[in-house]
Each structure stands twice: as C-alpha cells, then as structure tokens.
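Below is query-v5.txt, holding compact mmCIF, C-alpha atoms.
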```
# COMPACT_ATOMS: atom_id res chain seq x y z
CA MET P 207 93.11 111.94 105.50
CA ARG P 208 94.53 109.03 103.51
CA TYR P 209 92.34 107.81 100.70
CA THR P 210 92.26 104.31 102.19
CA ASP P 211 91.01 105.80 105.48
CA GLN P 212 88.22 107.50 103.55
CA LEU P 213 87.29 104.17 101.99
CA ARG P 214 87.19 102.52 105.39
CA GLU P 215 84.95 105.30 106.68
CA ALA P 216 82.65 104.77 103.72
CA ALA P 217 82.20 101.16 104.85
CA GLY P 218 80.80 102.55 108.12
CA ASP P 219 79.86 100.14 110.85
CA GLN P 220 80.19 97.13 108.59
CA TRP P 221 83.98 97.39 108.90
CA ASN P 222 83.68 97.13 112.69
CA ARG P 223 81.30 94.19 112.45
CA VAL P 224 83.89 92.38 110.33
CA ILE P 225 86.87 93.02 112.57
CA HIS P 226 84.97 92.34 115.84
CA HIS P 227 83.28 89.22 114.53
CA LYS P 228 82.52 86.30 116.84
CA PHE P 229 84.36 84.04 114.39
CA THR P 230 87.72 85.71 114.95
CA LYS P 231 87.19 86.09 118.72
CA ASP P 232 86.45 82.37 119.05
CA LEU P 233 89.34 81.49 116.74
CA ALA P 234 91.83 83.42 118.85
CA ALA P 235 90.44 82.04 122.11
CA GLY P 236 90.76 78.52 120.71
CA THR P 237 87.07 77.96 121.48
CA ILE P 238 85.95 78.04 117.88
CA ASP P 239 83.42 75.38 117.00
CA HIS P 240 85.27 72.87 114.81
CA ASP P 241 82.42 72.60 112.34
CA SER P 242 82.55 76.36 111.83
CA LEU P 243 86.31 76.30 111.39
CA LYS P 244 86.11 73.45 108.88
CA LYS P 245 83.38 75.24 106.91
CA TYR P 246 85.52 78.36 106.85
CA LEU P 247 88.78 76.68 105.88
CA ILE P 248 87.27 74.58 103.10
CA GLN P 249 85.74 77.65 101.48
CA ASP P 250 88.61 80.02 102.22
CA HIS P 251 91.13 77.69 100.58
CA ARG P 252 88.99 77.74 97.42
CA PHE P 253 89.78 81.33 96.65
CA LEU P 254 93.48 81.11 97.36
CA ASP P 255 93.98 80.52 93.64
CA SER P 256 91.96 83.59 92.66
CA PHE P 257 93.83 85.58 95.28
CA VAL P 258 97.15 84.55 93.70
CA VAL P 259 95.87 85.62 90.28
CA LEU P 260 94.85 88.99 91.73
CA LEU P 261 98.16 89.62 93.50
CA ALA P 262 100.21 88.51 90.47
CA SER P 263 98.15 90.90 88.32
CA ILE P 264 98.82 93.75 90.75
CA ILE P 265 102.55 93.01 90.57
CA ALA P 266 102.42 93.01 86.77
CA LYS P 267 100.45 96.27 86.69
CA ALA P 268 102.36 98.24 89.36
CA LYS P 269 104.47 101.13 88.10
CA THR P 270 108.03 100.38 89.23
CA LEU P 271 110.27 97.54 90.38
CA GLU P 272 110.25 99.02 93.90
CA ASP P 273 106.43 98.84 93.89
CA ARG P 274 106.56 95.21 92.78
CA ILE P 275 109.15 93.73 95.16
CA PRO P 276 107.13 93.56 98.42
CA GLY P 277 104.24 92.04 96.44
CA CYS P 278 106.54 89.33 95.06
CA GLN P 279 107.78 88.43 98.54
CA PHE P 280 104.22 88.30 99.90
CA LEU P 281 103.13 86.12 96.98
CA ALA P 282 105.81 83.60 97.95
CA LEU P 283 104.50 83.54 101.53
CA ILE P 284 100.90 83.09 100.39
CA THR P 285 101.83 80.14 98.18
CA GLY P 286 104.30 78.72 100.72
CA LYS P 287 103.68 78.97 104.44
CA GLU P 288 100.03 79.98 104.11
CA ASN P 289 99.21 77.22 101.66
CA THR P 290 100.75 74.57 103.93
CA TYR P 291 98.70 75.97 106.87
CA PHE P 292 95.57 74.87 105.03
CA GLU P 293 96.94 71.44 104.20
CA ARG P 294 98.09 70.83 107.80
CA SER P 295 94.82 72.13 109.23
CA PHE P 296 92.73 69.87 107.00
CA GLU P 297 94.77 66.93 108.25
CA ALA P 298 94.54 67.92 111.93
CA LEU P 299 90.79 68.58 111.69
CA LYS P 300 90.28 65.34 109.74
CA VAL P 301 88.80 66.99 106.67
CA SER P 302 89.17 64.43 103.90
CA GLN P 303 89.99 65.25 100.28
CA GLU P 304 86.60 63.76 99.43
CA GLU P 305 84.79 66.08 101.84
CA ARG P 306 86.69 69.06 100.43
CA SER P 307 85.79 68.30 96.85
CA SER P 308 82.17 67.21 97.39
CA ILE P 309 81.04 70.33 99.31
CA PRO P 310 79.71 72.98 96.92
CA ASN P 311 80.90 76.57 96.91
CA ALA P 312 79.11 78.90 99.32
CA ALA P 313 77.62 81.97 97.64
CA CYS P 314 80.27 84.19 99.29
CA THR P 315 83.06 81.95 97.94
CA THR P 316 81.77 82.21 94.40
CA GLY P 317 81.33 85.94 94.97
CA PHE P 318 84.94 86.33 96.10
CA CYS P 319 86.38 84.22 93.26
CA ASP P 320 84.34 86.11 90.65
CA LEU P 321 85.27 89.49 92.09
CA MET P 322 89.00 88.73 92.30
CA ARG P 323 89.20 87.23 88.83
CA SER P 324 87.13 89.91 87.21
CA VAL P 325 89.11 92.85 88.65
CA ALA P 326 92.36 90.99 87.83
CA ALA P 327 91.26 90.53 84.22
CA THR P 328 89.63 93.87 83.46
CA GLY P 329 89.88 96.23 86.44
CA SER P 330 92.21 99.16 86.94
CA LEU P 331 95.19 98.83 89.27
CA ALA P 332 93.21 100.86 91.83
CA GLU P 333 90.24 98.50 91.68
CA MET P 334 92.53 95.48 92.10
CA LEU P 335 94.16 97.17 95.07
CA ALA P 336 90.78 98.11 96.61
CA VAL P 337 89.83 94.42 96.78
CA ILE P 338 93.14 93.19 98.16
CA VAL P 339 93.40 96.08 100.66
CA VAL P 340 90.08 95.06 102.22
CA CYS P 341 91.14 91.40 102.43
CA GLU P 342 94.47 92.13 104.08
CA TRP P 343 93.66 95.23 106.11
CA SER P 344 90.51 93.78 107.68
CA TYR P 345 92.45 90.61 108.57
CA LEU P 346 95.28 92.64 110.10
CA SER P 347 92.73 94.69 112.05
CA TRP P 348 91.08 91.65 113.63
CA GLY P 349 94.47 89.94 114.00
CA GLU P 350 95.78 92.83 116.09
CA LEU P 351 92.50 93.08 118.04
CA VAL P 352 92.49 89.46 119.15
CA LEU P 353 96.15 89.29 120.17
CA GLU P 354 95.27 89.70 123.85
CA GLU P 355 92.80 86.83 123.95
CA HIS P 356 95.12 84.72 121.84
CA VAL P 357 95.61 81.14 123.16
CA ARG P 358 98.58 79.09 121.89
CA LYS P 359 97.07 75.64 121.98
CA ASP P 360 95.88 74.48 118.56
CA PHE P 361 98.11 75.56 115.69
CA TYR P 362 95.14 75.83 113.35
CA CYS P 363 93.87 78.61 115.60
CA TYR P 364 96.98 80.53 116.63
CA GLU P 365 98.86 80.18 113.35
CA TRP P 366 95.98 81.87 111.51
CA VAL P 367 96.26 84.76 113.98
CA ASP P 368 100.08 84.83 113.61
CA LEU P 369 99.78 85.04 109.82
CA HIS P 370 97.50 88.08 110.20
CA SER P 371 99.31 90.14 112.84
CA GLY P 372 102.80 91.34 113.66
CA ASP P 373 105.40 93.54 112.02
CA TYR P 374 105.71 91.73 108.69
CA PHE P 375 101.98 91.56 107.99
CA THR P 376 101.60 95.18 109.12
CA SER P 377 104.21 96.13 106.51
CA VAL P 378 102.31 94.23 103.81
CA VAL P 379 99.11 96.12 104.59
CA GLU P 380 100.95 99.44 104.69
CA TYR P 381 102.54 98.63 101.32
CA LEU P 382 99.19 97.78 99.69
CA ARG P 383 97.45 100.82 101.20
CA SER P 384 100.28 103.09 100.04
CA LEU P 385 100.04 101.80 96.48
CA LEU P 386 96.31 102.57 96.50
CA ASP P 387 96.79 105.98 98.15
CA LYS P 388 99.29 106.80 95.40
CA GLU P 389 97.03 105.59 92.58
CA VAL P 390 94.20 107.88 93.60
CA GLU P 391 96.31 110.98 92.92
CA THR P 392 95.82 110.51 89.19
CA MET P 393 92.24 109.21 89.20
CA ASN P 394 89.10 111.02 88.07
CA ASP P 395 85.75 110.87 89.89
CA ALA P 396 84.36 107.96 87.88
CA GLU P 397 87.49 105.92 88.58
CA LYS P 398 87.31 106.74 92.28
CA GLU P 399 83.69 105.68 92.35
CA ALA P 400 84.52 102.33 90.69
CA CYS P 401 87.30 101.84 93.20
CA GLN P 402 85.07 102.57 96.18
CA ALA P 403 82.41 100.22 94.82
CA ARG P 404 84.97 97.40 94.73
CA PHE P 405 86.08 98.24 98.27
CA LEU P 406 82.54 98.13 99.65
CA GLU P 407 81.68 94.99 97.70
CA THR P 408 84.67 93.27 99.32
CA VAL P 409 83.75 94.41 102.85
CA GLN P 410 80.28 92.94 102.29
CA LEU P 411 81.81 89.63 101.18
CA GLU P 412 84.08 89.55 104.24
CA GLU P 413 81.07 89.94 106.54
CA ASP P 414 79.10 87.34 104.57
CA PHE P 415 82.03 84.98 104.86
CA PHE P 416 82.35 85.06 108.65
CA ASP P 417 78.54 84.94 109.02
CA PHE P 418 78.42 81.91 106.74
CA ALA P 419 81.07 80.09 108.80
CA MET P 420 79.18 80.66 112.08
CA LYS P 421 75.75 79.75 110.73
CA LYS P 422 74.43 76.42 112.07
CA MET H 285 110.35 64.73 71.23
CA ARG H 286 109.29 67.45 73.69
CA TYR H 287 108.01 70.62 72.08
CA THR H 288 110.66 72.68 73.86
CA ASP H 289 113.36 70.39 72.40
CA GLN H 290 111.91 71.05 68.95
CA LEU H 291 112.13 74.78 69.60
CA ARG H 292 115.74 74.48 70.66
CA GLU H 293 116.50 72.51 67.51
CA ALA H 294 114.85 75.23 65.45
CA ALA H 295 117.36 77.71 66.93
CA GLY H 296 120.10 75.54 65.38
CA ASP H 297 123.69 76.48 66.01
CA GLN H 298 122.76 79.83 67.52
CA TRP H 299 121.74 78.04 70.72
CA ASN H 300 125.23 76.51 70.97
CA ARG H 301 126.90 79.85 70.30
CA VAL H 302 124.94 81.32 73.22
CA ILE H 303 125.70 78.59 75.72
CA HIS H 304 129.38 78.27 74.74
CA HIS H 305 129.97 82.02 74.66
CA LYS H 306 133.34 83.49 75.64
CA PHE H 307 131.48 85.75 78.09
CA THR H 308 130.28 82.87 80.26
CA LYS H 309 133.58 80.96 80.00
CA ASP H 310 135.52 84.02 81.19
CA LEU H 311 132.95 84.72 83.90
CA ALA H 312 133.24 81.21 85.35
CA ALA H 313 137.04 81.27 85.13
CA GLY H 314 137.09 84.58 86.97
CA THR H 315 139.12 86.07 84.10
CA ILE H 316 136.30 88.19 82.75
CA ASP H 317 137.38 91.67 81.75
CA HIS H 318 135.85 94.00 84.34
CA ASP H 319 134.70 96.48 81.73
CA SER H 320 132.78 93.72 79.98
CA LEU H 321 131.23 92.55 83.22
CA LYS H 322 130.20 96.10 84.16
CA LYS H 323 128.68 96.66 80.72
CA TYR H 324 126.77 93.42 81.06
CA LEU H 325 125.52 93.98 84.62
CA ILE H 326 124.37 97.55 84.03
CA GLN H 327 122.28 96.50 81.05
CA ASP H 328 121.11 93.18 82.48
CA HIS H 329 119.78 94.84 85.62
CA ARG H 330 117.69 97.15 83.41
CA PHE H 331 115.40 94.41 82.27
CA LEU H 332 114.92 92.84 85.67
CA ASP H 333 111.76 94.91 85.99
CA SER H 334 110.37 93.74 82.64
CA PHE H 335 111.29 90.18 83.59
CA VAL H 336 109.26 90.50 86.80
CA VAL H 337 106.29 91.81 84.80
CA LEU H 338 106.59 88.84 82.45
CA LEU H 339 106.84 86.22 85.20
CA ALA H 340 103.97 87.78 87.20
CA SER H 341 101.85 87.73 84.02
CA ILE H 342 102.66 84.04 83.48
CA ILE H 343 101.60 83.30 87.07
CA ALA H 344 98.34 85.19 86.54
CA LYS H 345 97.66 83.41 83.25
CA ALA H 346 98.63 79.83 84.24
CA LYS H 347 95.75 77.37 84.53
CA THR H 348 95.89 76.06 88.11
CA LEU H 349 97.26 76.89 91.55
CA GLU H 350 99.79 74.03 91.18
CA ASP H 351 101.04 75.61 87.96
CA ARG H 352 101.41 78.98 89.71
CA ILE H 353 103.22 77.98 92.93
CA PRO H 354 106.76 77.33 91.60
CA GLY H 355 106.54 80.58 89.61
CA CYS H 356 105.65 82.50 92.78
CA GLN H 357 108.61 81.05 94.66
CA PHE H 358 110.98 81.85 91.77
CA LEU H 359 109.61 85.39 91.58
CA ALA H 360 110.57 85.88 95.22
CA LEU H 361 114.13 84.70 94.49
CA ILE H 362 114.44 86.99 91.46
CA THR H 363 113.35 90.02 93.48
CA GLY H 364 115.32 88.97 96.56
CA LYS H 365 118.66 87.18 96.29
CA GLU H 366 119.13 87.95 92.60
CA ASN H 367 118.33 91.62 92.97
CA THR H 368 120.84 92.01 95.82
CA TYR H 369 123.49 90.26 93.67
CA PHE H 370 123.31 93.22 91.30
CA GLU H 371 123.47 95.79 94.06
CA ARG H 372 126.46 94.09 95.72
CA SER H 373 128.25 93.63 92.40
CA PHE H 374 127.82 97.29 91.46
CA GLU H 375 129.38 98.20 94.78
CA ALA H 376 132.29 95.75 94.48
CA LEU H 377 133.01 96.78 90.89
CA LYS H 378 132.72 100.46 91.79
CA VAL H 379 129.88 101.22 89.40
CA SER H 380 128.33 104.43 90.69
CA GLN H 381 124.63 105.23 90.63
CA GLU H 382 125.52 108.09 88.31
CA GLU H 383 127.29 105.79 85.85
CA ARG H 384 124.33 103.41 85.93
CA SER H 385 121.81 106.09 85.15
CA SER H 386 123.85 108.06 82.58
CA ILE H 387 124.68 105.11 80.29
CA PRO H 388 122.00 104.68 77.61
CA ASN H 389 120.23 101.40 76.89
CA ALA H 390 122.01 99.07 74.46
CA ALA H 391 119.85 98.04 71.49
CA CYS H 392 119.61 94.50 72.90
CA THR H 393 118.41 95.85 76.26
CA THR H 394 115.64 97.85 74.63
CA GLY H 395 114.86 94.80 72.51
CA PHE H 396 114.53 92.59 75.59
CA CYS H 397 112.42 95.08 77.55
CA ASP H 398 110.08 95.61 74.60
CA LEU H 399 109.74 91.91 73.93
CA MET H 400 109.04 90.98 77.56
CA ARG H 401 106.53 93.78 78.09
CA SER H 402 104.75 93.24 74.81
CA VAL H 403 104.26 89.47 75.27
CA ALA H 404 103.23 90.09 78.90
CA ALA H 405 100.61 92.62 77.79
CA THR H 406 99.20 90.99 74.67
CA GLY H 407 100.81 87.59 74.06
CA SER H 408 99.38 84.15 74.73
CA LEU H 409 100.60 82.15 77.72
CA ALA H 410 102.68 80.05 75.29
CA GLU H 411 104.39 83.13 73.84
CA MET H 412 105.18 84.42 77.33
CA LEU H 413 106.60 81.03 78.23
CA ALA H 414 108.65 80.84 75.02
CA VAL H 415 110.50 84.02 75.99
CA ILE H 416 111.12 83.05 79.60
CA VAL H 417 112.10 79.48 78.69
CA VAL H 418 114.90 80.79 76.46
CA CYS H 419 116.14 83.15 79.17
CA GLU H 420 116.26 80.52 81.90
CA TRP H 421 117.08 77.41 79.89
CA SER H 422 120.00 78.98 78.01
CA TYR H 423 121.37 80.31 81.32
CA LEU H 424 121.03 76.89 82.98
CA SER H 425 122.76 75.31 79.96
CA TRP H 426 125.80 77.57 80.15
CA GLY H 427 125.72 77.43 83.98
CA GLU H 428 126.01 73.65 83.91
CA LEU H 429 128.64 73.76 81.15
CA VAL H 430 130.99 76.08 83.02
CA LEU H 431 130.79 74.32 86.39
CA GLU H 432 134.10 72.52 85.80
CA GLU H 433 136.05 75.68 85.06
CA HIS H 434 134.30 77.48 87.88
CA VAL H 435 136.65 79.48 90.18
CA ARG H 436 135.40 80.57 93.62
CA LYS H 437 137.27 83.82 94.00
CA ASP H 438 135.13 86.85 93.16
CA PHE H 439 131.51 86.55 94.30
CA TYR H 440 130.32 88.61 91.32
CA CYS H 441 131.62 85.81 89.09
CA TYR H 442 130.81 82.61 90.99
CA GLU H 443 127.49 83.76 92.44
CA TRP H 444 126.15 84.42 88.94
CA VAL H 445 127.10 80.83 88.03
CA ASP H 446 125.54 79.51 91.27
CA LEU H 447 122.27 81.30 90.52
CA HIS H 448 122.15 79.60 87.12
CA SER H 449 123.09 76.01 87.95
CA GLY H 450 122.25 73.33 90.51
CA ASP H 451 119.14 71.41 91.52
CA TYR H 452 116.86 74.33 92.31
CA PHE H 453 117.48 76.22 89.09
CA THR H 454 117.20 72.96 87.13
CA SER H 455 113.75 72.47 88.67
CA VAL H 456 112.74 76.02 87.65
CA VAL H 457 113.70 75.36 84.03
CA GLU H 458 111.93 72.00 84.04
CA TYR H 459 108.82 73.67 85.46
CA LEU H 460 108.79 76.40 82.79
CA ARG H 461 109.49 73.93 79.96
CA SER H 462 106.72 71.63 81.20
CA LEU H 463 104.21 74.47 81.25
CA LEU H 464 105.11 75.28 77.64
CA ASP H 465 105.09 71.60 76.57
CA LYS H 466 101.58 71.35 78.06
CA GLU H 467 100.33 74.53 76.40
CA VAL H 468 101.23 73.30 72.93
CA GLU H 469 98.79 70.38 73.18
CA THR H 470 95.87 72.73 72.59
CA MET H 471 97.51 75.12 70.11
CA ASN H 472 96.82 75.42 66.38
CA ASP H 473 99.53 75.94 63.74
CA ALA H 474 99.35 79.74 63.74
CA GLU H 475 99.72 79.81 67.53
CA LYS H 476 102.68 77.43 67.36
CA GLU H 477 104.29 79.62 64.73
CA ALA H 478 103.87 82.74 66.90
CA CYS H 479 105.36 80.87 69.83
CA GLN H 480 108.38 79.69 67.84
CA ALA H 481 108.93 83.22 66.51
CA ARG H 482 109.13 84.51 70.11
CA PHE H 483 111.52 81.71 71.03
CA LEU H 484 113.88 82.48 68.16
CA GLU H 485 113.66 86.23 68.73
CA THR H 486 114.77 85.66 72.32
CA VAL H 487 117.70 83.40 71.34
CA GLN H 488 118.86 86.15 68.98
CA LEU H 489 118.69 88.70 71.80
CA GLU H 490 120.66 86.42 74.12
CA GLU H 491 123.45 86.15 71.55
CA ASP H 492 123.36 89.89 70.90
CA PHE H 493 123.59 90.50 74.62
CA PHE H 494 126.76 88.48 75.25
CA ASP H 495 128.32 89.85 72.03
CA PHE H 496 127.53 93.39 73.19
CA ALA H 497 129.18 92.81 76.57
CA MET H 498 132.41 91.49 74.99
CA LYS H 499 132.66 94.18 72.31
CA LYS H 500 135.52 96.65 72.90
```
Please, can you express the file's structure as structure tokens?
Amino acid sequence: MRYTDQLREAAGDQWNRVIHHKFTKDLAAGTIDHDSLKKYLIQDHRFLDSFVVLLASIIAKAKTLEDRIPGCQFLALITGKENTYFERSFEALKVSQEERSSIPNAACTTGFCDLMRSVAATGSLAEMLAVIVVCEWSYLSWGELVLEEHVRKDFYCYEWVDLHSGDYFTSVVEYLRSLLDKEVETMNDAEKEACQARFLETVQLEEDFFDFAMKK
Amino acid sequence: MRYTDQLREAAGDQWNRVIHHKFTKDLAAGTIDHDSLKKYLIQDHRFLDSFVVLLASIIAKAKTLEDRIPGCQFLALITGKENTYFERSFEALKVSQEERSSIPNAACTTGFCDLMRSVAATGSLAEMLAVIVVCEWSYLSWGELVLEEHVRKDFYCYEWVDLHSGDYFTSVVEYLRSLLDKEVETMNDAEKEACQARFLETVQLEEDFFDFAMKK
C-alpha cells in the first residue's frame, strides 16, 4: 500500500467527513448559503500567501529538476487563475475590501497559516508534502465526488469545483503524493511520525474550516 | 540613483564587456559558431536547476503575495518554454544525450551552481536577488542591444534573443530590480557589502561564461 494511502487510513473517518461535507455538496449544487460562502472565501483567501510560501519551499527543496517542474506550473496556476477566482467572486458576492480587511482571522485560518509557514521554514520536505497533500488530495476527492450534482449556474460555485477536479488537478495530486511516497523510502520512524502528525493536523484543520463556514 | 544602478556602476566596465560580448552579437546575427553555441547550451542548461531553486527561494522569502506573484509566473516560463528551448536546440544541433552527460562541468558552470545554491540556502533575500538581478538584467541588456542585428533564421539563435528582450522580460527585470531596491532600505552596511559582493561575483561569472563558450 502506498504511504499516502496509509496516511489517509490513519485519518480514519475524519477524511470521509471532510470530503462528504455539506459545504461542498451545497457548493456544487449551487444552493450554498451566500453568507457561508463569503465566510469561507474571505478566510480561504487569507492563507493563499502561506500556501504559496509552502509550495515554493517544496520546489526549492525537491531533489531534481523533474521533481520541481510540475510544482512550478501549479504555482503559476495558483497565483494566476485561482487568485483571480477570489477577486471575481468577492466582486460578484459584493464583499467589499473593507469587509475583507475588518473581519478577524478565524482560529482555523490562523492555524493553517501557522502550520504552512512553520513547516515551510523548518520542516522536512516530507512534512511540507504531508500538509500540501492533504490540502490538494482532500479537495480533489470532494471535487470528484460532487461532479454529478454539479450545477453550472454561478461561476463562484462551479469554477471552484472545476479548479478541484479533472485531469490536470488529478495529475497535480498524483505528483504531490508520488513525491511524498518517494521521500518515505529514506525516512526513519521518528521522521515518519512527524510526517503523519502534520498530515493529521491538516485533516483536522480542513474539517474545522468547512465546519466554521457552515456555522450560523 | 537606484541601488541597482549603483551596483551596476560598481561592476564598471565589466558590465559593458558582458553585454557587448562577441558571443551575443554572433548569436543574434545567426553567425555563431555551432561548436561555441553547443558548448554554451550544454553548460547553461546545467544550472537551470540551481536557477529554479534560487527563484523558488526568492518567492518563499519575499515579503508579500504581491511580491511573489510575478516570480511565480516567471518560474513557470523558465520551467516551460525556456526548458523546451534547450531540448529543441539540442535536437536541432545534434547534441546527443550521451554528449551532454559525458562532458564535464566548466569551472564557470560549477561556480554558478555553487553560488546559486549557496545563496538560496543561506543568503539573505537581498543576496539572492543580487545574483538573479545580474543574470536577468545583463541578459535583457544584451537582448535589447542586439535586436537591430537580429536575424530570424535559426530558432536556436533568435528564440534565445526573444526570451531575453521585449516587454514581458523587461517587466521581469524591473520586478526583480524593484524587489532589491526595496530590500536595501532596511539593510545595514555589512549587509549591503555582502549583497554587492554577490552582485560582482555574478558579473564575473557571466563574463567567464561567454568567454568560455567562445574559447577554441
């Protein structure tokens, strides 16, 4: 069994709660409560910067040019098409710049930013990958799950599903998982434990994040 | 005067020798000796990987998302269109994989790889920028200088000029110079000295590199 499959198993039912969350079902169906979506987008956009730091650090720390190239291309997408999705959604949902800057960080946002920046600064390549694999793999998993109930009405709903499903995004997740599967071959038990701890910490934050968005 | 202009002045006439080099004149005119071009491309491609590490490290270490975004887009170009330029040129110039792997590193190649990796691993953001600013700014300077004598016959000549001239590449150089100009505002004398040392070391390597390619 692949190491990343073992990690997912270690997350147990929490992984399923994340990928079958009401938030993503409602998002895909286009029935998502706009207040929930706004809450989510405002906070999610806040850790885009930390995410970029994490991915750039993975690129710098990977072993070969071949291991770096798909990460570089994904980084360009994240800071291009994905960044403009946020800007366009804020405009369509009438979220003002003032509203965005006056709302404090949710605990899960601060948790995500701290985790990403701290593994980027001091973690091993495997720990960095453990965090990013959860972020991207869990999103791909719900993205693929909701494709059937997927309604193409509001771009701020369907475009978020598009960005997290399909052949290209599947290849990104496979790439990140493969890098982590390869890293583990040379890791000792303590390093594996640290890596798993980061993985589980990130799954917890993903669940907290969707719960936070849906909370009235 | 901008800090980066001061650095260029500190390089004195060496800067002009680099940007007016016979190598780039012959390349633009399409009269470049094929052995020289092969020598150059084989060695230049060798530090692409170190260059990617350096640029990814700059992205990770920059201060804001706005400061990171143009770097991310340039990184995608470097690992996309620019990487395929090498592959296509090796094919057109009949440089076999065997030839590429059997030829040892030139001293200037090892010098460049070591410099890029060591500033990426332990240098300040300003030192990292000093190295990359020389690489890109000197290339833009010769790229713009040779545009008039520019012959559109062999893609491995004109495409290398295209990649290092024009509006987009000008914006990349301006972006990198601006980041460095901004960094210096908070630097003490010792830090400025370290930064200038990296700048001058890189100019020396650029001259060595073109000289190496033209040497019979």
Can you check which parts of chain P lie within 8 Å of chain H? Per residue, the shortest pair of atoms and distance in Å to one decimal, counting all atoms listed in the file, sorted by chain and number, as CSV.
```
residue,atom,partner,partner_atom,distance
P:Asp255,CA,H:Leu349,CA,5.3
P:Val258,CA,H:Ala344,CA,7.3
P:Val259,CA,H:Ala344,CA,4.5
P:Leu260,CA,H:Ala344,CA,7.3
P:Ala262,CA,H:Ala340,CA,5.0
P:Ser263,CA,H:Ala344,CA,6.0
P:Ile265,CA,H:Ala340,CA,6.4
P:Ala266,CA,H:Val337,CA,4.5
P:Lys267,CA,H:Val337,CA,7.6
P:Thr270,CA,H:Asp333,CA,7.4
P:Leu271,CA,H:Asp333,CA,5.3
P:Ile275,CA,H:Thr363,CA,5.9
P:Cys278,CA,H:Ala360,CA,5.3
P:Gln279,CA,H:Ala360,CA,5.0
P:Leu281,CA,H:Cys356,CA,6.1
P:Ala282,CA,H:Gln357,CA,5.0
P:Thr285,CA,H:Ile353,CA,5.8
P:Gly286,CA,H:Gln357,CA,7.8
```
Assuming 8 Å of padding per side, give the centre and edge lengths of the axis-aligned box around every listed atom of range 288-306 of chain P, in Å to one decimal and as lines of an AutoDock Vina configuration file.
```
center_x = 92.8
center_y = 71.9
center_z = 105.7
size_x = 32.0
size_y = 32.2
size_z = 28.5
```
Next on the checklist: I'd like the interatomic distance between CA of Lys300 in chain P and CA of Cys314 in chain P, to a tenth of an Å.
Outcome noted: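 Answer for the CA of Lys300 in chain P to CA of Cys314 in chain P separation: 23.8 Å.
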Next on the checklist: Which residues are near Glu491 in chain H? Cut-off 6 Å, all atoms listed in the file, ignore same chain within fewer than 3 positions. Put them as a list in words.
Outcome noted: Val302, Gln488 and Phe494 of chain H
Checklist outcome for this item: For Leu369 in chain P, the closest of P:Lys287, P:Arg214, P:Lys388, P:Arg223 counting only C-alpha atoms is P:Lys287
Checklist entry - Which protein, DNA or RNA residues are at most 9 Å from (119.9, 92.9, 86.6) in the file's coordinates when you count all atoms listed in the file, listed as a ChimeraX atom specification? => result /H:324-333,366-367,369-371
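A straight line drawn from CA of Ala419 in chain P to CA of Ser242 in chain P is 5.0 Å long.
Remark: for Trp221 in chain P, the closest of the candidate residues P:Ile338, P:Cys401, P:Val409, P:Val357 is P:Val409 (distances computed over all atoms listed in the file).
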Checklist entry - Can you tell me how far CA of Asn389 in chain H sits from CA of Asp317 in chain H, in Å to one decimal? => result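 About the pair CA of Asn389 in chain H and CA of Asp317 in chain H: they are 20.3 Å apart.
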Next on the checklist: Show me, as a list in words, the residues that have an atom within 10 Å of Leu233 in chain P when counting only C-alpha atoms, minus same-chain residues fewer than 5 positions from it.
Outcome noted: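 Near neighbours after the sequence-gap exclusion: Lys228, Ile238, Asp239, His240, Ser242, Leu243, Val352, Glu355, His356, Val357, Asp360, Tyr362, Cys363, Tyr364, Trp366 and Val367 of chain P.
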Next on the checklist: Nearest residue to Val417 in chain H out of H:Asp310, H:Glu382, H:Glu432, H:Glu490, using all atoms listed in the file?
Outcome noted: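 For Val417 in chain H, the nearest of the given residues is H:Glu490.
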Item to check | Shell around Lys244 in chain P at 9 Å using all atoms listed in the file, local window under 6 positions removed, as a list in words | outcome: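 Non-adjacent residues within range: Ser295, Phe296, Leu299, Val301 and Ala419 of chain P.
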Export of prior selection with C-alpha atoms as a PDB file, in the frame of the given file:
```pdb
ATOM      1  CA  SER P 295      94.820  72.130 109.230  1.00  0.00           C
ATOM      2  CA  PHE P 296      92.730  69.870 107.000  1.00  0.00           C
ATOM      3  CA  LEU P 299      90.790  68.580 111.690  1.00  0.00           C
ATOM      4  CA  VAL P 301      88.800  66.990 106.670  1.00  0.00           C
ATOM      5  CA  ALA P 419      81.070  80.090 108.800  1.00  0.00           C
TER       6      ALA P 419
END
```
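Compared by their closest atoms to Leu351 in chain P, and using only C-alpha atoms, the residues P:Asp241, P:Ala312, P:Asn222, P:Phe415 rank with P:Asn222 nearest.
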